[in-house]
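Shown next, in structure tokens, is the structure this report addresses.
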Amino acid sequence: KVSVQKLPSPGSGDRLKMQVSKTVHNESVSLETENKLGQHTFSLPTCRISESVQKLMDLAYQTLTEAASSGNQCATQLFYTVRNIFHLFYDVVPTYHKDNLQKLPQLTAIHHNNCMFIAHHLLTMGHQFRHHLPSPLCDGAATFVDLVPGFRRLGTDSFLAQMRLQKEELLERLSSAKNFASCDVEENYVAAKKAILQIIHQLKRLGNVWQDVLPVHIYCKAMGTLLNTVITEIISKITALEDISAEDGNKLYTLCNIIIEEGPQVFTPLPEENQNKKYQEEVPVFVPKWMKFKELLIVLQASLQEIVDRWTDGHGPLAVEFSTVEVKSLIRALFQNTGRRAAALAKIR
């Protein structure tokens, strides 16, 4: 318990004293929260923005500063002038740059950052000047918070449209791999390899364009989503194959291994190569199907017994990534119809 002495009369100069029992004092330590907000919890992540947007924001702050030292009517007009500045940006910029925002991935990323930068400042801009503005602005009307969702949506929609465009291009390149069927035929193998190398090239080029532009977490999430799209499609095509010869399996393994080796190299959010290593080691975090893809490579080279062992009655690593139907389909495609195969299929349940 905490016993508090009677409060002294105002102006007495006596200091308030608190007597805390030893037990409570010792227990109070455990009441402190273990999770504390970081120093930069509410900071805008490091990213690149347009010089013009920085100048726009400077103009907004200068105008509000002028409003704070102006008469009532002038201050109100200046405040709404600043709101009109942001309305104008919202309406004009995405329309004026519409074509370039679709064609140029780097411009899309910068536009995304610009919108998030503006939204970040709009959250507190009104609060900073509210008490220096006349009524009714000082009573709560001096706010820009209502503009925040629109600017966030503006940046997000533009970037997501670019992501959809990149996905379509990647899947179009992958379509030339002829569904990864009969890769033991040289012509098919060459076509599939060419498609995968083109995809890796596109991802690396895009990674370089977005490098040191997007916030690191957005960069990794975007690149991970695109790589995951490719991997998911490859897994889908391979698991759909009805017949995979031993030679075919080896060729498929070689093709998929290109992505395993080169995939992490597309994660280069920072210009300093040594700083990117940790993001390249965290590929499974950004690419949800990465472990499933690695498990597929193991299956392509595994014996029947090894596949059954990795299934482990539905509790092994293979069971974590693949469904019963998928594993049975792979076994039927990879192995001839024998008693051993039938026994293995019986164990996959």
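Just so we're on the same page: first chain in the structure tokens is A, next is B, and so on; residues restart at 1 for each chain, and ligands are numbered from 1 in the order they show up.
Those residues that approach segment 47-59 of chain A to within 8 Å, counting only C-alpha atoms, are Pro45, Tyr61, Gln62, Thr63, Ile110, His111, Asn113, Asn114, Phe117, Ile118, Asp212, Val213, Leu214 and Pro215 of chain A; same-chain residues fewer than 2 positions away are not listed.
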Only N, CA and C atoms, please: the residues just picked out, written as a tab-separated table (two decimals), in the first residue's frame.
chain	number	residue	atom	x	y	z
A	45	PRO	N	9.89	6.78	-42.16
A	45	PRO	CA	11.07	5.98	-42.54
A	45	PRO	C	11.92	6.70	-43.56
A	61	TYR	N	4.56	25.60	-44.35
A	61	TYR	CA	4.95	26.01	-43.00
A	61	TYR	C	5.19	27.52	-42.93
A	62	GLN	N	5.80	28.08	-43.95
A	62	GLN	CA	6.06	29.53	-43.97
A	62	GLN	C	4.74	30.31	-43.98
A	63	THR	N	3.79	29.81	-44.75
A	63	THR	CA	2.48	30.48	-44.85
A	63	THR	C	1.73	30.41	-43.52
A	110	ILE	N	8.84	7.32	-55.95
A	110	ILE	CA	9.03	8.66	-55.41
A	110	ILE	C	7.67	9.32	-55.15
A	111	HIS	N	6.73	9.11	-56.05
A	111	HIS	CA	5.37	9.66	-55.84
A	111	HIS	C	4.75	9.05	-54.58
A	113	ASN	N	6.39	7.97	-51.97
A	113	ASN	CA	7.08	8.60	-50.83
A	113	ASN	C	6.59	10.03	-50.62
A	114	ASN	N	6.39	10.76	-51.72
A	114	ASN	CA	5.90	12.14	-51.62
A	114	ASN	C	4.57	12.19	-50.88
A	117	PHE	N	5.04	11.37	-47.24
A	117	PHE	CA	5.73	12.50	-46.59
A	117	PHE	C	4.73	13.61	-46.26
A	118	ILE	N	3.88	13.93	-47.23
A	118	ILE	CA	2.86	14.96	-47.03
A	118	ILE	C	1.88	14.53	-45.94
A	212	ASP	N	17.57	2.61	-52.41
A	212	ASP	CA	17.82	3.91	-51.78
A	212	ASP	C	16.74	4.94	-52.12
A	213	VAL	N	15.59	4.48	-52.60
A	213	VAL	CA	14.46	5.36	-52.88
A	213	VAL	C	13.31	5.03	-51.93
A	214	LEU	N	12.85	3.79	-51.97
A	214	LEU	CA	11.77	3.35	-51.07
A	214	LEU	C	12.29	3.13	-49.66
A	215	PRO	N	11.44	3.27	-48.65
A	215	PRO	CA	11.82	2.83	-47.30
A	215	PRO	C	12.18	1.35	-47.34
Can I get the residues of segment 162-266 of chain A within 9 Å of segment 311-335 of chain A, each with the closest pair of atoms and their distance in Å to one decimal, using only C-alpha atoms, sorted chain first then ascending number, as JSON lines?
{"residue": "A:Ile238", "atom": "CA", "partner": "A:Leu330", "partner_atom": "CA", "distance": 8.4}
{"residue": "A:Thr239", "atom": "CA", "partner": "A:Leu330", "partner_atom": "CA", "distance": 6.0}
{"residue": "A:Ala240", "atom": "CA", "partner": "A:Ser329", "partner_atom": "CA", "distance": 7.7}
{"residue": "A:Leu241", "atom": "CA", "partner": "A:Ala333", "partner_atom": "CA", "distance": 6.7}
{"residue": "A:Glu242", "atom": "CA", "partner": "A:Ala333", "partner_atom": "CA", "distance": 5.0}
{"residue": "A:Asp243", "atom": "CA", "partner": "A:Ala333", "partner_atom": "CA", "distance": 4.2}
{"residue": "A:Ile244", "atom": "CA", "partner": "A:Leu334", "partner_atom": "CA", "distance": 5.0}
{"residue": "A:Ser245", "atom": "CA", "partner": "A:Leu334", "partner_atom": "CA", "distance": 6.3}
{"residue": "A:Ala246", "atom": "CA", "partner": "A:Leu334", "partner_atom": "CA", "distance": 7.3}
{"residue": "A:Gly249", "atom": "CA", "partner": "A:Leu334", "partner_atom": "CA", "distance": 7.5}
Residue contacts of Thr225 of chain A (10 Å, only C-alpha atoms) excluding same-chain residues fewer than 6 positions away, as a ChimeraX atom specification: /A:163,167,219,231,286-289
statement: With distances taken over only C-alpha atoms, the candidate from A:Leu123, A:Thr229, A:Ile196, A:Phe293 nearest Pro149 of chain A is A:Leu123
Selection: 12 Å around Cys138 of chain A, only C-alpha atoms, excl. self and same-chain fewer than 3 positions, as a list in words: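 Near neighbours after the sequence-gap exclusion: Ala68, Asn72, Ala75, Thr76, Phe79, Gly126, His127, Gln128, Phe129, Arg130, His131, His132, Leu133, Pro134, Ser135, Ala141, Ala142 and Thr143 of chain A.
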query: Hey, what's within 10 Å of Gln202 of chain A if we count only C-alpha atoms and toss same-chain stuff fewer than 5 positions away? As a PyMOL selection string, please?
result: chain A and resi 166+169-170+173+196-197+207-208+266
Please return as a compact mmCIF listing (two decimals) with N, CA, C and O atoms, in the first residue's frame: the residues of segment 244-339 of chain A that backbone DSSP assigns to helix (DSSP H, G or I).
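Result file is out37.txt:
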# COMPACT_ATOMS: atom_id res chain seq x y z
N ALA A 246 13.38 -39.05 -64.68
CA ALA A 246 14.56 -38.77 -63.85
C ALA A 246 15.36 -37.61 -64.43
O ALA A 246 15.78 -36.70 -63.70
N GLU A 247 15.53 -37.63 -65.75
CA GLU A 247 16.27 -36.56 -66.42
C GLU A 247 15.50 -35.25 -66.31
O GLU A 247 16.07 -34.17 -66.08
N ASP A 248 14.20 -35.34 -66.48
CA ASP A 248 13.32 -34.17 -66.35
C ASP A 248 13.43 -33.57 -64.96
O ASP A 248 13.51 -32.33 -64.78
N GLY A 249 13.42 -34.42 -63.95
CA GLY A 249 13.54 -33.97 -62.56
C GLY A 249 14.85 -33.24 -62.30
O GLY A 249 14.88 -32.21 -61.61
N ASN A 250 15.94 -33.76 -62.88
CA ASN A 250 17.25 -33.12 -62.73
C ASN A 250 17.27 -31.74 -63.38
O ASN A 250 17.84 -30.78 -62.84
N LYS A 251 16.65 -31.64 -64.56
CA LYS A 251 16.59 -30.36 -65.27
C LYS A 251 15.75 -29.34 -64.49
O LYS A 251 16.12 -28.17 -64.37
N LEU A 252 14.62 -29.82 -63.96
CA LEU A 252 13.76 -28.93 -63.17
C LEU A 252 14.48 -28.45 -61.92
O LEU A 252 14.36 -27.28 -61.53
N TYR A 253 15.23 -29.35 -61.31
CA TYR A 253 16.01 -28.98 -60.12
C TYR A 253 17.02 -27.89 -60.47
O TYR A 253 17.17 -26.90 -59.74
N THR A 254 17.70 -28.06 -61.59
CA THR A 254 18.71 -27.08 -62.03
C THR A 254 18.07 -25.72 -62.28
O THR A 254 18.61 -24.67 -61.88
N LEU A 255 16.90 -25.72 -62.91
CA LEU A 255 16.19 -24.46 -63.21
C LEU A 255 15.76 -23.76 -61.92
O LEU A 255 15.96 -22.55 -61.76
N CYS A 256 15.16 -24.53 -61.02
CA CYS A 256 14.67 -23.95 -59.76
C CYS A 256 15.83 -23.46 -58.90
O CYS A 256 15.70 -22.47 -58.16
N ASN A 257 16.95 -24.16 -59.00
CA ASN A 257 18.10 -23.79 -58.18
C ASN A 257 18.67 -22.43 -58.59
O ASN A 257 19.29 -21.74 -57.78
N ILE A 258 18.43 -22.03 -59.84
CA ILE A 258 18.86 -20.70 -60.29
C ILE A 258 18.17 -19.64 -59.43
O ILE A 258 18.79 -18.66 -59.00
N ILE A 259 16.88 -19.84 -59.17
CA ILE A 259 16.12 -18.88 -58.36
C ILE A 259 16.57 -18.93 -56.90
O ILE A 259 16.66 -17.89 -56.24
N ILE A 260 16.88 -20.13 -56.40
CA ILE A 260 17.35 -20.24 -55.02
C ILE A 260 18.67 -19.49 -54.83
O ILE A 260 18.88 -18.83 -53.81
N GLU A 261 19.53 -19.56 -55.84
CA GLU A 261 20.84 -18.89 -55.75
C GLU A 261 20.76 -17.40 -56.04
O GLU A 261 21.42 -16.59 -55.39
N GLU A 262 19.95 -17.03 -57.04
CA GLU A 262 19.89 -15.63 -57.48
C GLU A 262 18.80 -14.82 -56.80
O GLU A 262 18.89 -13.60 -56.71
N GLY A 263 17.74 -15.51 -56.33
CA GLY A 263 16.62 -14.81 -55.72
C GLY A 263 17.00 -13.84 -54.60
O GLY A 263 16.58 -12.67 -54.62
N PRO A 264 17.82 -14.30 -53.62
CA PRO A 264 18.18 -13.38 -52.53
C PRO A 264 18.94 -12.14 -53.00
O PRO A 264 18.91 -11.10 -52.32
N GLN A 265 19.59 -12.23 -54.16
CA GLN A 265 20.39 -11.10 -54.65
C GLN A 265 19.54 -9.93 -55.14
O GLN A 265 20.07 -8.85 -55.41
N VAL A 266 18.22 -10.14 -55.29
CA VAL A 266 17.37 -9.03 -55.72
C VAL A 266 17.04 -8.10 -54.55
O VAL A 266 16.51 -7.01 -54.76
N GLU A 273 26.70 -2.55 -50.25
CA GLU A 273 26.43 -3.98 -50.43
C GLU A 273 26.47 -4.75 -49.12
O GLU A 273 25.66 -5.65 -48.88
N ASN A 274 27.42 -4.40 -48.24
CA ASN A 274 27.55 -5.14 -46.97
C ASN A 274 26.35 -4.95 -46.06
O ASN A 274 26.07 -5.78 -45.19
N GLN A 275 25.59 -3.88 -46.25
CA GLN A 275 24.40 -3.63 -45.43
C GLN A 275 23.18 -4.44 -45.91
O GLN A 275 22.18 -4.55 -45.21
N LYS A 277 23.22 -7.66 -46.74
CA LYS A 277 23.34 -9.08 -46.43
C LYS A 277 22.24 -9.57 -45.51
O LYS A 277 21.65 -10.64 -45.72
N LYS A 278 21.91 -8.79 -44.50
CA LYS A 278 20.91 -9.23 -43.53
C LYS A 278 19.53 -9.37 -44.17
O LYS A 278 18.74 -10.23 -43.79
N TYR A 279 19.23 -8.52 -45.17
CA TYR A 279 17.93 -8.62 -45.85
C TYR A 279 17.92 -9.83 -46.79
O TYR A 279 16.88 -10.47 -46.97
N GLN A 280 19.08 -10.14 -47.37
CA GLN A 280 19.18 -11.30 -48.27
C GLN A 280 19.08 -12.60 -47.48
O GLN A 280 18.68 -13.62 -48.03
N VAL A 283 15.11 -13.80 -46.62
CA VAL A 283 14.20 -14.02 -47.75
C VAL A 283 12.90 -14.73 -47.33
O VAL A 283 11.81 -14.32 -47.77
N PRO A 284 12.95 -15.78 -46.50
CA PRO A 284 11.69 -16.44 -46.11
C PRO A 284 10.69 -15.51 -45.43
O PRO A 284 9.48 -15.77 -45.46
N VAL A 285 11.18 -14.43 -44.82
CA VAL A 285 10.29 -13.46 -44.16
C VAL A 285 9.49 -12.68 -45.20
O VAL A 285 8.30 -12.40 -45.02
N PHE A 286 10.16 -12.34 -46.31
CA PHE A 286 9.53 -11.51 -47.34
C PHE A 286 8.86 -12.33 -48.44
O PHE A 286 8.01 -11.80 -49.16
N TRP A 290 8.80 -19.27 -50.07
CA TRP A 290 10.23 -19.60 -50.24
C TRP A 290 10.55 -20.99 -49.70
O TRP A 290 11.21 -21.80 -50.36
N MET A 291 10.09 -21.29 -48.51
CA MET A 291 10.38 -22.59 -47.90
C MET A 291 9.68 -23.71 -48.66
O MET A 291 10.21 -24.82 -48.78
N LYS A 292 8.50 -23.44 -49.17
CA LYS A 292 7.79 -24.45 -49.97
C LYS A 292 8.58 -24.72 -51.25
O LYS A 292 8.68 -25.88 -51.69
N PHE A 293 9.12 -23.68 -51.83
CA PHE A 293 9.92 -23.82 -53.05
C PHE A 293 11.17 -24.66 -52.78
O PHE A 293 11.53 -25.53 -53.58
N LYS A 294 11.83 -24.41 -51.67
CA LYS A 294 13.02 -25.18 -51.30
C LYS A 294 12.66 -26.65 -51.04
O LYS A 294 13.42 -27.57 -51.37
N GLU A 295 11.49 -26.85 -50.46
CA GLU A 295 11.03 -28.22 -50.20
C GLU A 295 10.76 -28.94 -51.53
O GLU A 295 11.02 -30.15 -51.65
N LEU A 296 10.27 -28.21 -52.51
CA LEU A 296 10.02 -28.80 -53.83
C LEU A 296 11.33 -29.28 -54.46
O LEU A 296 11.37 -30.36 -55.07
N LEU A 297 12.38 -28.48 -54.30
CA LEU A 297 13.69 -28.88 -54.84
C LEU A 297 14.18 -30.18 -54.21
O LEU A 297 14.74 -31.05 -54.89
N ILE A 298 13.95 -30.32 -52.91
CA ILE A 298 14.36 -31.54 -52.21
C ILE A 298 13.60 -32.74 -52.76
O ILE A 298 14.18 -33.80 -53.02
N VAL A 299 12.29 -32.56 -52.98
CA VAL A 299 11.45 -33.65 -53.50
C VAL A 299 11.91 -34.08 -54.89
O VAL A 299 11.93 -35.27 -55.22
N LEU A 300 12.29 -33.11 -55.73
CA LEU A 300 12.71 -33.42 -57.10
C LEU A 300 13.95 -34.32 -57.13
O LEU A 300 14.18 -35.03 -58.12
N GLN A 301 14.75 -34.29 -56.07
CA GLN A 301 15.98 -35.08 -56.02
C GLN A 301 15.89 -36.25 -55.04
O GLN A 301 16.84 -37.03 -54.88
N LEU A 304 11.89 -42.26 -52.80
CA LEU A 304 10.57 -42.47 -52.19
C LEU A 304 10.64 -42.45 -50.68
O LEU A 304 9.82 -41.80 -50.01
N GLN A 305 11.63 -43.13 -50.14
CA GLN A 305 11.76 -43.22 -48.69
C GLN A 305 12.05 -41.85 -48.08
O GLN A 305 11.53 -41.52 -47.01
N GLU A 306 12.88 -41.07 -48.75
CA GLU A 306 13.22 -39.73 -48.25
C GLU A 306 11.98 -38.83 -48.22
O GLU A 306 11.80 -38.03 -47.30
N ILE A 307 11.12 -38.99 -49.23
CA ILE A 307 9.87 -38.20 -49.26
C ILE A 307 8.96 -38.60 -48.11
O ILE A 307 8.40 -37.74 -47.41
N VAL A 308 8.83 -39.92 -47.88
CA VAL A 308 8.01 -40.41 -46.77
C VAL A 308 8.57 -39.92 -45.44
O VAL A 308 7.81 -39.52 -44.54
N ASP A 309 9.89 -39.95 -45.31
CA ASP A 309 10.54 -39.49 -44.07
C ASP A 309 10.29 -38.01 -43.82
O ASP A 309 10.09 -37.58 -42.68
N ARG A 310 10.29 -37.22 -44.91
CA ARG A 310 10.06 -35.78 -44.75
C ARG A 310 8.59 -35.47 -44.49
O ARG A 310 8.25 -34.41 -44.00
N TRP A 311 7.72 -36.41 -44.84
CA TRP A 311 6.29 -36.25 -44.55
C TRP A 311 6.02 -36.54 -43.07
O TRP A 311 5.27 -35.82 -42.41
N THR A 312 6.63 -37.60 -42.55
CA THR A 312 6.55 -37.98 -41.14
C THR A 312 5.11 -37.96 -40.60
O THR A 312 4.79 -37.23 -39.67
N ASP A 313 4.27 -38.76 -41.24
CA ASP A 313 2.87 -38.88 -40.79
C ASP A 313 2.15 -37.54 -40.69
O ASP A 313 1.34 -37.30 -39.78
N GLY A 314 2.50 -36.64 -41.60
CA GLY A 314 1.82 -35.34 -41.61
C GLY A 314 2.39 -34.32 -40.65
O GLY A 314 1.80 -33.25 -40.44
N PRO A 317 8.59 -31.55 -42.27
CA PRO A 317 8.73 -30.28 -43.01
C PRO A 317 7.98 -30.27 -44.33
O PRO A 317 7.49 -29.24 -44.77
N LEU A 318 7.90 -31.43 -44.99
CA LEU A 318 7.16 -31.52 -46.25
C LEU A 318 5.67 -31.29 -46.02
O LEU A 318 5.00 -30.61 -46.82
N ALA A 319 5.14 -31.83 -44.93
CA ALA A 319 3.72 -31.68 -44.60
C ALA A 319 3.37 -30.24 -44.24
O ALA A 319 2.22 -29.81 -44.41
N VAL A 320 4.35 -29.50 -43.74
CA VAL A 320 4.12 -28.10 -43.38
C VAL A 320 3.84 -27.26 -44.64
O VAL A 320 3.02 -26.35 -44.63
N GLU A 321 4.54 -27.60 -45.74
CA GLU A 321 4.48 -26.79 -46.94
C GLU A 321 3.51 -27.31 -48.00
O GLU A 321 2.94 -26.53 -48.77
N THR A 324 -1.63 -33.03 -48.79
CA THR A 324 -1.60 -34.46 -49.12
C THR A 324 -1.76 -34.68 -50.62
O THR A 324 -1.03 -35.47 -51.22
N VAL A 325 -2.70 -33.98 -51.23
CA VAL A 325 -2.97 -34.12 -52.66
C VAL A 325 -1.74 -33.73 -53.48
O VAL A 325 -1.39 -34.42 -54.46
N GLU A 326 -1.07 -32.64 -53.10
CA GLU A 326 0.10 -32.19 -53.85
C GLU A 326 1.24 -33.19 -53.77
O GLU A 326 1.90 -33.48 -54.78
N VAL A 327 1.50 -33.73 -52.58
CA VAL A 327 2.59 -34.69 -52.41
C VAL A 327 2.31 -35.97 -53.19
O VAL A 327 3.19 -36.51 -53.87
N LYS A 328 1.09 -36.45 -53.12
CA LYS A 328 0.73 -37.67 -53.86
C LYS A 328 0.86 -37.45 -55.36
O LYS A 328 1.33 -38.33 -56.09
N SER A 329 0.48 -36.26 -55.82
CA SER A 329 0.59 -35.94 -57.24
C SER A 329 2.06 -35.93 -57.68
O SER A 329 2.39 -36.45 -58.75
N LEU A 330 2.93 -35.38 -56.85
CA LEU A 330 4.37 -35.35 -57.17
C LEU A 330 4.95 -36.76 -57.20
O LEU A 330 5.75 -37.09 -58.07
N ILE A 331 4.56 -37.58 -56.23
CA ILE A 331 5.06 -38.96 -56.19
C ILE A 331 4.64 -39.72 -57.44
O ILE A 331 5.44 -40.44 -58.05
N ARG A 332 3.39 -39.57 -57.85
CA ARG A 332 2.90 -40.25 -59.04
C ARG A 332 3.63 -39.77 -60.30
O ARG A 332 3.85 -40.55 -61.23
N ALA A 333 3.97 -38.48 -60.32
CA ALA A 333 4.66 -37.94 -61.49
C ALA A 333 6.13 -38.36 -61.54
O ALA A 333 6.69 -38.62 -62.61
N LEU A 334 6.76 -38.47 -60.36
CA LEU A 334 8.20 -38.73 -60.30
C LEU A 334 8.56 -40.22 -60.36
O LEU A 334 9.65 -40.58 -60.81
N GLY A 339 4.92 -51.42 -56.43
CA GLY A 339 4.45 -51.70 -55.07
C GLY A 339 5.03 -50.73 -54.07
O GLY A 339 4.36 -50.32 -53.11
